[in-house]
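A.B. asks: What follows is my_file_5.tsv, TSV, C-alpha atoms.
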chain	number	residue	atom	x	y	z
B	501	MET	CA	116.13	100.66	113.17
B	502	ASP	CA	118.19	98.89	115.83
B	503	GLY	CA	117.37	95.19	115.71
B	504	THR	CA	118.50	94.80	119.36
B	505	ALA	CA	115.92	97.28	120.70
B	506	GLU	CA	112.73	95.95	122.27
B	507	VAL	CA	110.06	95.27	119.67
B	508	THR	CA	106.77	96.72	120.86
B	509	VAL	CA	103.59	95.22	119.39
B	510	VAL	CA	99.88	96.04	119.24
B	511	VAL	CA	97.69	92.97	118.62
B	512	VAL	CA	94.52	93.67	116.63
B	513	ASP	CA	91.75	91.13	116.07
B	514	GLY	CA	88.03	90.82	116.72
B	515	ASP	CA	88.50	87.46	118.45
B	516	PRO	CA	89.43	88.01	122.12
B	517	GLU	CA	90.72	84.44	122.44
B	518	PHE	CA	93.14	85.00	119.56
B	519	ARG	CA	94.30	88.29	121.09
B	520	ARG	CA	94.92	86.68	124.47
B	521	GLY	CA	96.80	83.77	122.93
B	522	MET	CA	98.99	85.99	120.75
B	523	THR	CA	99.67	88.36	123.64
B	524	ALA	CA	100.75	85.45	125.83
B	525	LEU	CA	102.94	84.01	123.09
B	526	LEU	CA	104.72	87.28	122.30
B	527	GLY	CA	104.99	88.23	125.97
B	528	SER	CA	106.95	85.05	126.63
B	529	VAL	CA	109.66	85.96	124.12
B	530	CYS	CA	112.65	87.99	125.27
B	531	GLY	CA	112.84	91.32	123.46
B	532	LEU	CA	109.17	91.39	122.42
B	533	SER	CA	106.48	93.29	124.30
B	534	VAL	CA	102.74	93.62	123.65
B	535	VAL	CA	101.82	97.17	124.65
B	536	ALA	CA	98.11	97.03	123.75
B	537	GLU	CA	95.30	94.94	122.29
B	538	ALA	CA	92.57	96.24	120.01
B	539	ALA	CA	89.34	94.67	118.78
B	540	THR	CA	88.58	97.19	116.02
B	541	THR	CA	90.43	99.37	113.55
B	542	ASP	CA	89.49	102.53	115.48
B	543	GLU	CA	90.90	101.03	118.68
B	544	ALA	CA	94.03	100.06	116.76
B	545	VAL	CA	94.51	103.61	115.50
B	546	ASP	CA	94.11	104.95	119.05
B	547	ALA	CA	96.62	102.39	120.36
B	548	VAL	CA	99.18	103.27	117.68
B	549	HIS	CA	98.82	106.98	118.48
B	550	ARG	CA	99.24	106.28	122.21
B	551	PHE	CA	101.94	103.62	122.29
B	552	ARG	CA	103.82	104.13	118.98
B	553	PRO	CA	104.52	100.40	118.49
B	554	ARG	CA	107.08	99.12	116.03
B	555	VAL	CA	104.71	96.37	114.86
B	556	VAL	CA	100.94	95.96	114.51
B	557	LEU	CA	99.96	92.30	114.31
B	558	MET	CA	96.44	92.21	112.92
B	559	GLY	CA	93.77	89.87	111.66
B	560	LEU	CA	92.71	90.37	108.06
B	561	CYS	CA	89.19	91.42	109.05
B	562	PRO	CA	89.55	92.95	112.53
B	563	GLY	CA	86.64	93.99	114.67
B	564	PRO	CA	82.89	93.58	114.89
B	565	GLU	CA	82.28	96.65	112.72
B	566	GLY	CA	83.32	94.59	109.70
B	567	GLY	CA	85.24	96.03	106.81
B	568	SER	CA	88.41	94.82	105.24
B	569	GLY	CA	91.70	94.33	107.00
B	570	ILE	CA	93.27	95.76	103.84
B	571	GLY	CA	91.59	99.09	104.54
B	572	ALA	CA	92.62	98.83	108.19
B	573	ALA	CA	96.25	98.33	107.22
B	574	GLN	CA	96.11	101.36	104.93
B	575	ARG	CA	94.73	103.50	107.77
B	576	LEU	CA	97.45	102.37	110.14
B	577	LEU	CA	100.18	102.96	107.57
B	578	ARG	CA	99.12	106.59	107.16
B	579	LEU	CA	100.00	107.21	110.81
B	580	ARG	CA	103.30	108.72	111.90
B	581	PRO	CA	105.50	107.20	113.07
B	582	GLN	CA	104.45	104.40	110.76
B	583	PRO	CA	104.25	100.92	112.33
B	584	ALA	CA	105.13	97.76	110.45
B	585	VAL	CA	101.97	95.74	109.78
B	586	LEU	CA	102.01	91.94	110.02
B	587	VAL	CA	98.78	90.29	108.86
B	588	VAL	CA	97.67	87.01	110.43
B	589	SER	CA	94.68	85.39	108.72
B	590	VAL	CA	92.77	82.12	108.60
B	591	THR	CA	93.30	82.05	104.83
B	592	ALA	CA	96.38	82.45	102.64
B	593	ASP	CA	94.92	82.63	99.14
B	594	ASP	CA	97.12	84.51	96.68
B	595	ASP	CA	94.71	87.42	96.20
B	596	SER	CA	94.47	88.12	99.95
B	597	VAL	CA	98.24	87.92	100.40
B	598	LEU	CA	99.00	90.18	97.45
B	599	ALA	CA	96.32	92.71	98.43
B	600	SER	CA	97.73	92.85	101.96
B	601	LEU	CA	101.29	93.38	100.77
B	602	ARG	CA	100.25	96.00	98.23
B	603	SER	CA	98.38	97.85	100.96
B	604	GLY	CA	101.74	98.19	102.74
B	605	ALA	CA	101.78	95.19	105.08
B	606	ARG	CA	105.27	93.72	105.48
B	607	GLY	CA	104.32	90.19	106.37
B	608	TYR	CA	101.58	87.59	106.15
B	609	LEU	CA	101.06	84.50	108.30
B	610	VAL	CA	98.30	81.94	108.67
B	611	LYS	CA	96.60	81.72	112.05
B	612	GLY	CA	97.96	78.73	113.92
B	613	SER	CA	101.56	79.35	112.83
B	614	GLY	CA	104.08	78.09	115.37
B	615	ALA	CA	105.65	80.33	117.98
B	616	ALA	CA	109.04	80.34	116.23
B	617	VAL	CA	107.46	81.44	112.94
B	618	VAL	CA	105.51	84.26	114.62
B	619	GLU	CA	108.56	85.47	116.53
B	620	ARG	CA	110.70	85.48	113.40
B	621	ALA	CA	108.02	87.36	111.43
B	622	VAL	CA	107.56	90.03	114.11
B	623	ARG	CA	111.31	90.66	114.34
B	624	ALA	CA	111.68	90.69	110.55
B	625	VAL	CA	108.95	93.22	109.82
B	626	ALA	CA	110.14	95.40	112.73
B	627	ASN	CA	113.49	95.66	110.96
B	628	GLY	CA	112.03	96.55	107.58
B	629	GLU	CA	112.04	93.09	106.00
B	630	THR	CA	109.18	91.32	104.23
B	631	LEU	CA	108.34	87.87	105.56
B	632	LEU	CA	105.68	85.40	104.41
B	633	GLY	CA	104.57	82.23	106.13
B	634	PRO	CA	105.95	78.84	105.07
B	635	GLY	CA	104.98	77.98	101.50
B	636	ILE	CA	103.35	81.33	100.71
B	637	GLY	CA	106.42	82.99	99.22
B	638	ARG	CA	107.23	80.04	96.96
B	639	ARG	CA	103.67	79.92	95.62
B	640	LEU	CA	103.55	83.64	94.94
B	641	ALA	CA	106.91	83.58	93.20
B	642	ALA	CA	105.41	81.22	90.64
B	643	ARG	CA	102.34	83.40	90.21
B	644	LEU	CA	104.46	86.52	89.74
B	645	GLY	CA	106.58	84.88	87.06
B	646	GLY	CA	107.07	85.78	83.44
B	647	PRO	CA	105.46	84.19	80.36
B	648	ASP	CA	106.18	80.70	81.71
B	649	ARG	CA	103.80	80.96	84.67
B	650	GLY	CA	105.39	77.97	86.36
B	651	ARG	CA	108.63	79.85	87.03
B	652	PRO	CA	109.62	83.43	87.76
B	653	ALA	CA	111.40	85.19	84.91
B	654	PRO	CA	115.15	84.95	85.68
B	655	VAL	CA	115.49	88.70	86.21
B	656	LEU	CA	112.86	88.50	88.98
B	657	CYS	CA	114.50	85.70	90.95
B	658	GLY	CA	115.74	86.87	94.32
B	659	LEU	CA	113.44	89.89	94.55
B	660	THR	CA	111.22	90.37	97.56
B	661	LEU	CA	107.55	91.04	96.90
B	662	ARG	CA	108.03	94.68	97.89
B	663	GLU	CA	110.95	95.01	95.45
B	664	TYR	CA	108.78	93.38	92.79
B	665	ASP	CA	106.06	96.01	93.35
B	666	VAL	CA	108.57	98.88	93.22
B	667	LEU	CA	110.11	97.51	90.02
B	668	ASP	CA	106.69	97.07	88.43
B	669	LEU	CA	105.80	100.70	89.15
B	670	MET	CA	109.21	101.84	87.87
B	671	ALA	CA	108.41	100.00	84.65
B	672	ARG	CA	105.23	102.08	84.42
B	673	ASN	CA	107.38	105.24	84.46
B	674	LEU	CA	106.34	106.31	87.96
B	675	ASP	CA	108.91	108.40	89.84
B	676	ASP	CA	109.96	107.75	93.44
B	677	ARG	CA	107.35	110.07	94.97
B	678	ALA	CA	104.53	108.52	92.95
B	679	ILE	CA	105.71	105.02	93.90
B	680	ALA	CA	105.87	106.07	97.55
B	681	ARG	CA	102.27	107.30	97.44
B	682	ARG	CA	101.07	104.16	95.68
B	683	LEU	CA	102.78	101.78	98.13
B	684	ALA	CA	102.27	103.87	101.30
B	685	MET	CA	105.96	104.23	102.08
B	686	SER	CA	108.39	107.12	102.29
B	687	PRO	CA	110.33	108.36	99.24
B	688	LYS	CA	113.56	107.52	101.09
B	689	THR	CA	112.44	103.91	101.47
B	690	VAL	CA	111.61	103.79	97.76
B	691	ARG	CA	115.07	105.14	96.92
B	692	ASN	CA	116.61	102.44	99.08
B	693	HIS	CA	114.60	99.79	97.23
B	694	VAL	CA	115.65	101.25	93.87
B	695	SER	CA	119.32	101.10	94.88
B	696	THR	CA	118.88	97.47	95.94
B	697	LEU	CA	117.11	96.67	92.67
B	698	LEU	CA	119.91	98.17	90.58
B	699	ALA	CA	122.38	95.95	92.42
B	700	LYS	CA	120.25	92.81	92.12
B	701	LEU	CA	119.54	93.40	88.43
B	702	HIS	CA	123.16	94.38	87.72
B	703	ALA	CA	121.75	97.50	86.06
B	704	ALA	CA	123.93	100.57	85.55
B	705	ASP	CA	121.04	102.98	86.10
B	706	ARG	CA	117.28	103.28	86.47
B	707	ALA	CA	116.69	103.29	82.70
B	708	GLU	CA	118.46	99.94	82.28
B	709	ALA	CA	116.49	98.47	85.19
B	710	ILE	CA	113.24	99.58	83.55
B	711	VAL	CA	114.22	97.95	80.25
B	712	ARG	CA	114.95	94.66	82.02
B	713	ALA	CA	111.74	94.87	84.00
B	714	ARG	CA	109.68	95.35	80.84
B	715	GLU	CA	111.47	92.49	79.12
B	716	ALA	CA	110.42	90.34	82.10
B	717	GLY	CA	106.78	91.33	81.59
B	718	LEU	CA	106.43	94.08	84.21
B	719	GLY	CA	104.88	97.50	83.66
B	720	GLY	CA	101.79	96.11	81.98
B	721	GLY	CA	99.61	98.65	83.73
B	722	LEU	CA	100.89	101.49	81.54
Could I get this structure in the form of structure tokens?
C.D. replies:
Amino acid sequence: MDGTAEVTVVVVDGDPEFRRGMTALLGSVCGLSVVAEAATTDEAVDAVHRFRPRVVLMGLCPGPEGGSGIGAAQRLLRLRPQPAVLVVSVTADDDSVLASLRSGARGYLVKGSGAAVVERAVRAVANGETLLGPGIGRRLAARLGGPDRGRPAPVLCGLTLREYDVLDLMARNLDDRAIARRLAMSPKTVRNHVSTLLAKLHAADRAEAIVRAREAGLGGGL
């Protein structure tokens, strides 16, 4: 997607004050445009159908009807065209971050993040990148490490969290279509990730990448 095109955003959160503040912040940035606000998941789905935004910026638990923001993200990511989901939450515990990313969200920020951080995250996820708030990525890298839990296994260094998930599922012998279904992305996107992984792992083919992934402790869900 063209990174120079206007980035259209739908802001989703049950707190009207947060929605107003985020709308004002994003509306003040050249190249970003908030096309709708939504208080609930149903309103968010309607807004995505109507406005086809590139990004949905959403609270982890949007709307007075309750329910999990993880489920909301999964609903939004089943829509076509698929928006990029950026979660903004009051908490950044590892389980919430990982669950959000595994649901298909491309980014995770803590509420109260500075304007520059929010702008960077919105632009990044709009262009297919994964971006985590300051400190979150470093902490998760340690958690996702090999046998020495204080450090990532060397083969995993430099991987994004999305690449990590794809590699883990490859190590479980899932094919591209099965990985796409599991991670709520298109098979073409999975193939792109696989190509990137082969390059990063210096693997000649998929089989060699799987061997290295298993040696690093991935694929344990077999």
A.B. asks: What box, with edges along x, y and z, holds each listed atom of segment 596-615 of chain B when 3 Å is added on every side, and can you state its centre and edge lengths in Å to one decimal, as JSON?
C.D. replies:
{"center_x": 100.1, "center_y": 88.1, "center_z": 107.7, "size_x": 17.2, "size_y": 26.1, "size_z": 26.5}
A.B. asks: Compile the contact shell of segment 569-581 of chain B as a PyMOL selection string: residues with an atom at most 7 Å away, counting only C-alpha atoms, same-chain residues fewer than 6 positions apart removed.
C.D. replies: chain B and resi 541+545+552+559-562+599-600+603-605+684
A.B. asks: For Met685 of chain B, which residue among B:Arg602, B:Arg706, B:Glu619, B:Ala539 is the nearest when counting only C-alpha atoms?
C.D. replies: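 Among the listed residues, the smallest separation from Met685 of chain B belongs to B:Arg602.
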A.B. asks: Go ahead and compute the interatomic distance for atom CA of Thr689 of chain B and atom CA of Ala704 of chain B, in Å to one decimal.
C.D. replies: 19.9 Å
A.B. asks: Take the point (111.7, 98.3, 112.5) as written in the file and pick out every residue within 7 Å of it, counting only C-alpha atoms; give the list as a list in words.
C.D. replies: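 Here is the list of nearby residues: Met501, Arg554, Ala584, Val625, Ala626, Asn627 and Gly628 of chain B.
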A.B. asks: What does the distance from atom CA of Arg620 of chain B to atom CA of Leu661 of chain B come to in Å, to one decimal?
C.D. replies: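 Straight-line distance from atom CA of Arg620 of chain B to atom CA of Leu661 of chain B works out to 17.7 Å.
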A.B. asks: Could you tell me which of B:Ser686, B:Phe551, B:Glu663, B:Asp675 comes closest to Leu701 of chain B if we count only C-alpha atoms?
C.D. replies: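 So, comparing all the options, the nearest one is B:Glu663.
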A.B. asks: Just give me the gap between atom CA of Thr508 of chain B and atom CA of Leu526 of chain B in Å, one decimal is fine.
C.D. replies: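 Computed distance, atom CA of Thr508 of chain B to atom CA of Leu526 of chain B, equals 9.8 Å.
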A.B. asks: Between B:Leu557, B:Val588, B:Ala709, B:Leu525, which residue has the minimum interatomic distance to Ala538 of chain B, considering all atoms listed in the file?
C.D. replies: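 When distances to Ala538 of chain B are compared using all atoms listed in the file, the smallest one comes from B:Leu557.
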A.B. asks: Pick out the closest residue to Thr696 of chain B from this set: B:Arg662, B:Arg714, B:Arg623, B:His549. Count only C-alpha atoms.
C.D. replies: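 Closest to Thr696 of chain B, using only C-alpha atoms: B:Arg662.
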A.B. asks: Nearest residue to Asp546 of chain B out of B:Asn692, B:Asn673, B:Val512, B:Ser533, using only C-alpha atoms?
C.D. replies: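 Among the listed residues, the smallest separation from Asp546 of chain B belongs to B:Val512.
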